$ cat work-v9.cif   # mmCIF, C-alpha atoms and all ligand atoms
data_query
loop_
_atom_site.group_PDB
_atom_site.id
_atom_site.type_symbol
_atom_site.label_atom_id
_atom_site.label_comp_id
_atom_site.auth_asym_id
_atom_site.auth_seq_id
_atom_site.Cartn_x
_atom_site.Cartn_y
_atom_site.Cartn_z
ATOM 1 C CA MET A 1 74.481 -39.742 -52.041
ATOM 2 C CA THR A 2 76.318 -38.852 -55.267
ATOM 3 C CA ILE A 3 80.097 -38.963 -55.567
ATOM 4 C CA GLN A 4 80.113 -35.146 -55.606
ATOM 5 C CA GLU A 5 77.990 -34.975 -52.442
ATOM 6 C CA PHE A 6 80.339 -37.467 -50.761
ATOM 7 C CA GLN A 7 83.373 -35.364 -51.662
ATOM 8 C CA GLN A 8 81.660 -32.208 -50.349
ATOM 9 C CA GLN A 9 80.730 -34.003 -47.115
ATOM 10 C CA ILE A 10 84.312 -35.172 -46.575
ATOM 11 C CA GLU A 11 85.552 -31.624 -47.289
ATOM 12 C CA GLN A 12 83.193 -30.200 -44.669
ATOM 13 C CA ILE A 13 84.379 -32.727 -42.087
ATOM 14 C CA TYR A 14 88.138 -32.816 -42.765
ATOM 15 C CA PHE A 15 89.351 -30.295 -45.365
ATOM 16 C CA ASP A 16 90.854 -27.716 -42.983
ATOM 17 C CA ARG A 17 92.821 -30.305 -40.995
ATOM 18 C CA ASP A 18 93.920 -32.146 -44.143
ATOM 19 C CA ALA A 19 94.951 -28.883 -45.851
ATOM 20 C CA GLU A 20 97.108 -28.066 -42.837
ATOM 21 C CA ARG A 21 98.756 -31.517 -43.042
ATOM 22 C CA GLY A 22 99.333 -31.093 -46.779
ATOM 23 C CA VAL A 23 99.280 -33.437 -49.762
ATOM 24 C CA ASP A 24 102.344 -35.528 -48.833
ATOM 25 C CA GLY A 25 101.220 -36.247 -45.268
ATOM 26 C CA THR A 26 97.674 -36.949 -46.382
ATOM 27 C CA PHE A 27 98.928 -39.325 -49.074
ATOM 28 C CA VAL A 28 100.781 -41.325 -46.391
ATOM 29 C CA TRP A 29 97.543 -41.589 -44.377
ATOM 30 C CA PHE A 30 95.719 -42.746 -47.507
ATOM 31 C CA ILE A 31 98.278 -45.506 -48.052
ATOM 32 C CA GLU A 32 97.966 -46.544 -44.401
ATOM 33 C CA GLU A 33 94.219 -46.891 -44.895
ATOM 34 C CA VAL A 34 94.792 -48.985 -48.029
ATOM 35 C CA GLY A 35 96.977 -51.227 -45.846
ATOM 36 C CA GLU A 36 94.143 -51.573 -43.327
ATOM 37 C CA LEU A 37 91.785 -52.540 -46.156
ATOM 38 C CA ALA A 38 94.318 -55.149 -47.306
ATOM 39 C CA LYS A 39 94.417 -56.624 -43.777
ATOM 40 C CA GLU A 40 90.633 -56.768 -43.633
ATOM 41 C CA ILE A 41 90.456 -58.474 -47.045
ATOM 42 C CA ARG A 42 92.926 -61.119 -45.851
ATOM 43 C CA ARG A 43 91.194 -61.707 -42.504
ATOM 44 C CA GLU A 44 89.288 -64.985 -42.255
ATOM 45 C CA PRO A 45 86.422 -65.258 -41.939
ATOM 46 C CA ARG A 46 85.580 -62.097 -43.844
ATOM 47 C CA ASN A 47 83.313 -59.666 -42.057
ATOM 48 C CA LYS A 48 81.188 -57.489 -44.350
ATOM 49 C CA GLU A 49 80.645 -54.765 -41.762
ATOM 50 C CA ARG A 50 84.381 -54.310 -41.103
ATOM 51 C CA LEU A 51 85.179 -54.546 -44.830
ATOM 52 C CA CYS A 52 82.550 -51.878 -45.542
ATOM 53 C CA ALA A 53 84.095 -49.587 -42.908
ATOM 54 C CA GLU A 54 87.561 -49.990 -44.438
ATOM 55 C CA PHE A 55 86.244 -49.260 -47.931
ATOM 56 C CA ALA A 56 84.588 -46.124 -46.518
ATOM 57 C CA ASP A 57 87.887 -45.009 -44.954
ATOM 58 C CA VAL A 58 89.868 -45.569 -48.170
ATOM 59 C CA PHE A 59 87.213 -43.730 -50.179
ATOM 60 C CA ALA A 60 87.235 -40.824 -47.694
ATOM 61 C CA TRP A 61 91.032 -40.500 -47.795
ATOM 62 C CA LEU A 62 91.034 -40.755 -51.603
ATOM 63 C CA SER A 63 88.377 -38.055 -51.675
ATOM 64 C CA THR A 64 90.243 -35.667 -49.379
ATOM 65 C CA LEU A 65 93.419 -36.175 -51.385
ATOM 66 C CA ALA A 66 91.533 -35.313 -54.591
ATOM 67 C CA SER A 67 90.136 -32.190 -52.890
ATOM 68 C CA LEU A 68 93.605 -31.057 -51.801
ATOM 69 C CA LEU A 69 94.748 -31.372 -55.427
ATOM 70 C CA GLY A 70 91.669 -29.636 -56.876
ATOM 71 C CA ILE A 71 90.296 -32.792 -58.490
ATOM 72 C CA GLY A 72 86.562 -33.549 -58.545
ATOM 73 C CA LEU A 73 86.029 -37.283 -58.052
ATOM 74 C CA ALA A 74 82.812 -37.160 -60.076
ATOM 75 C CA ASP A 75 84.774 -35.620 -62.969
ATOM 76 C CA ALA A 76 87.418 -38.323 -62.581
ATOM 77 C CA ALA A 77 84.740 -41.035 -62.625
ATOM 78 C CA GLU A 78 83.391 -39.592 -65.902
ATOM 79 C CA ILE A 79 86.504 -40.937 -67.612
ATOM 80 C CA TYR A 80 84.830 -44.378 -67.368
ATOM 81 C CA ALA A 81 81.328 -43.210 -68.341
ATOM 82 C CA ASN A 82 81.601 -44.566 -71.871
ATOM 83 C CA GLY A 83 83.378 -47.790 -71.028
ATOM 84 C CA CYS A 84 87.074 -48.547 -71.052
ATOM 85 C CA PRO A 85 88.919 -45.236 -71.603
ATOM 86 C CA LYS A 86 91.316 -46.944 -74.054
ATOM 87 C CA CYS A 87 89.066 -49.091 -76.267
ATOM 88 C CA ARG A 88 85.719 -47.397 -75.415
ATOM 89 C CA SER A 89 84.114 -50.824 -75.049
ATOM 90 C CA THR A 90 82.017 -52.341 -72.273
ATOM 91 C CA PRO A 91 83.281 -54.846 -71.376
ATOM 92 C CA CYS A 92 86.864 -53.895 -72.194
ATOM 93 C CA ILE A 93 88.356 -55.632 -75.229
ATOM 94 C CA CYS A 94 91.906 -54.279 -74.907
HETATM 95 ZN ZN ZN A 101 89.806 -51.569 -73.077
#

$ encode --input "work-v9.cif" --output "structure tokens"
Amino acid sequence: MTIQEFQQQIEQIYFDRDAERGVDGTFVWFIEEVGELAKEIRREPRNKERLCAEFADVFAWLSTLASLLGIGLADAAEIYANGCPKCRSTPCIC
């Protein structure tokens, strides 16, 4: 699945509900999910399956937020296609 396909999939599942909630409310949900990821990272012992699920949730909320603001995540990712956006090197030498 490409980043663009992921964003389209998340739009098909959630866009209408998220559009109704609006950007501000959706941003709060996104931050809540980031908090859940933080908890999972700190949990010992780490569990890859639960970590993976939390990463998926954060990515989904990031994606829906981008959609609400008219941003394509694949376009955003392109900013890093040629290395560090500041020094253009891989690895970064800034
Ligand atoms: Zn750099």

$ residues_around --input "work-v9.cif" --residues "A:Ile3" --least-positions-apart "2" --cutoff "10 Å" --atoms "all atoms listed in the file" --output "MDAnalysis selection string"
chainID A and resid 1 5:9 63 72:75 77

$ resolve_selection --input "work-v9.cif" --expression "the PyMOL selection byres (((not hetatm)) within 6 of (chain A and resi 101))" --output "list in words"
Cys84, Lys86, Cys87, Cys92, Ile93 and Cys94 of chain A

$ residues_around --input "work-v9.cif" --residues "A:Gly22" --least-positions-apart "5" --cutoff "10 Å" --atoms "all atoms listed in the file" --output "list of chain:residue names"
A:Asp16, A:Arg17, A:Phe27, A:Leu65, A:Leu68, A:Leu69

$ residues_around --input "work-v9.cif" --residues "A:Ala53" --least-positions-apart "3" --cutoff "12 Å" --atoms "all atoms listed in the file" --output "list in words"
Glu33, Val34, Glu36, Leu37, Glu40, Ile41, Asn47, Lys48, Glu49, Arg50, Ala56, Asp57, Val58, Phe59 and Ala60 of chain A

$ closest_residue --input "work-v9.cif" --among "A:Ala76, A:Ala19, A:Glu11, A:Glu54" --to "A:Gly35" --atoms "only C-alpha atoms"
A:Glu54

$ closest_residue --input "work-v9.cif" --among "A:Thr64, A:Tyr80, A:Gly70, A:Pro85" --to "A:Ile13" --atoms "all atoms listed in the file"
A:Thr64

$ closest_residue --input "work-v9.cif" --among "A:Leu62, A:Cys52, A:Ile71, A:Ala81" --to "A:Ile31" --atoms "all atoms listed in the file"
A:Leu62

$ atom_distance --input "work-v9.cif" --atom1 "atom CA of A:Trp29" --atom2 "atom CA of A:Trp61"
7.4 Å

$ closest_residue --input "work-v9.cif" --among "A:Ala38, A:Ala66, A:Ile79, A:Leu51" --to "A:Ile10" --atoms "only C-alpha atoms"
A:Ala66

$ atom_distance --input "work-v9.cif" --atom1 "atom CA of A:Glu20" --atom2 "atom CA of A:Thr2"
26.5 Å

$ atom_distance --input "work-v9.cif" --atom1 "atom CA of A:Asp24" --atom2 "atom CA of A:Ser67"
13.3 Å
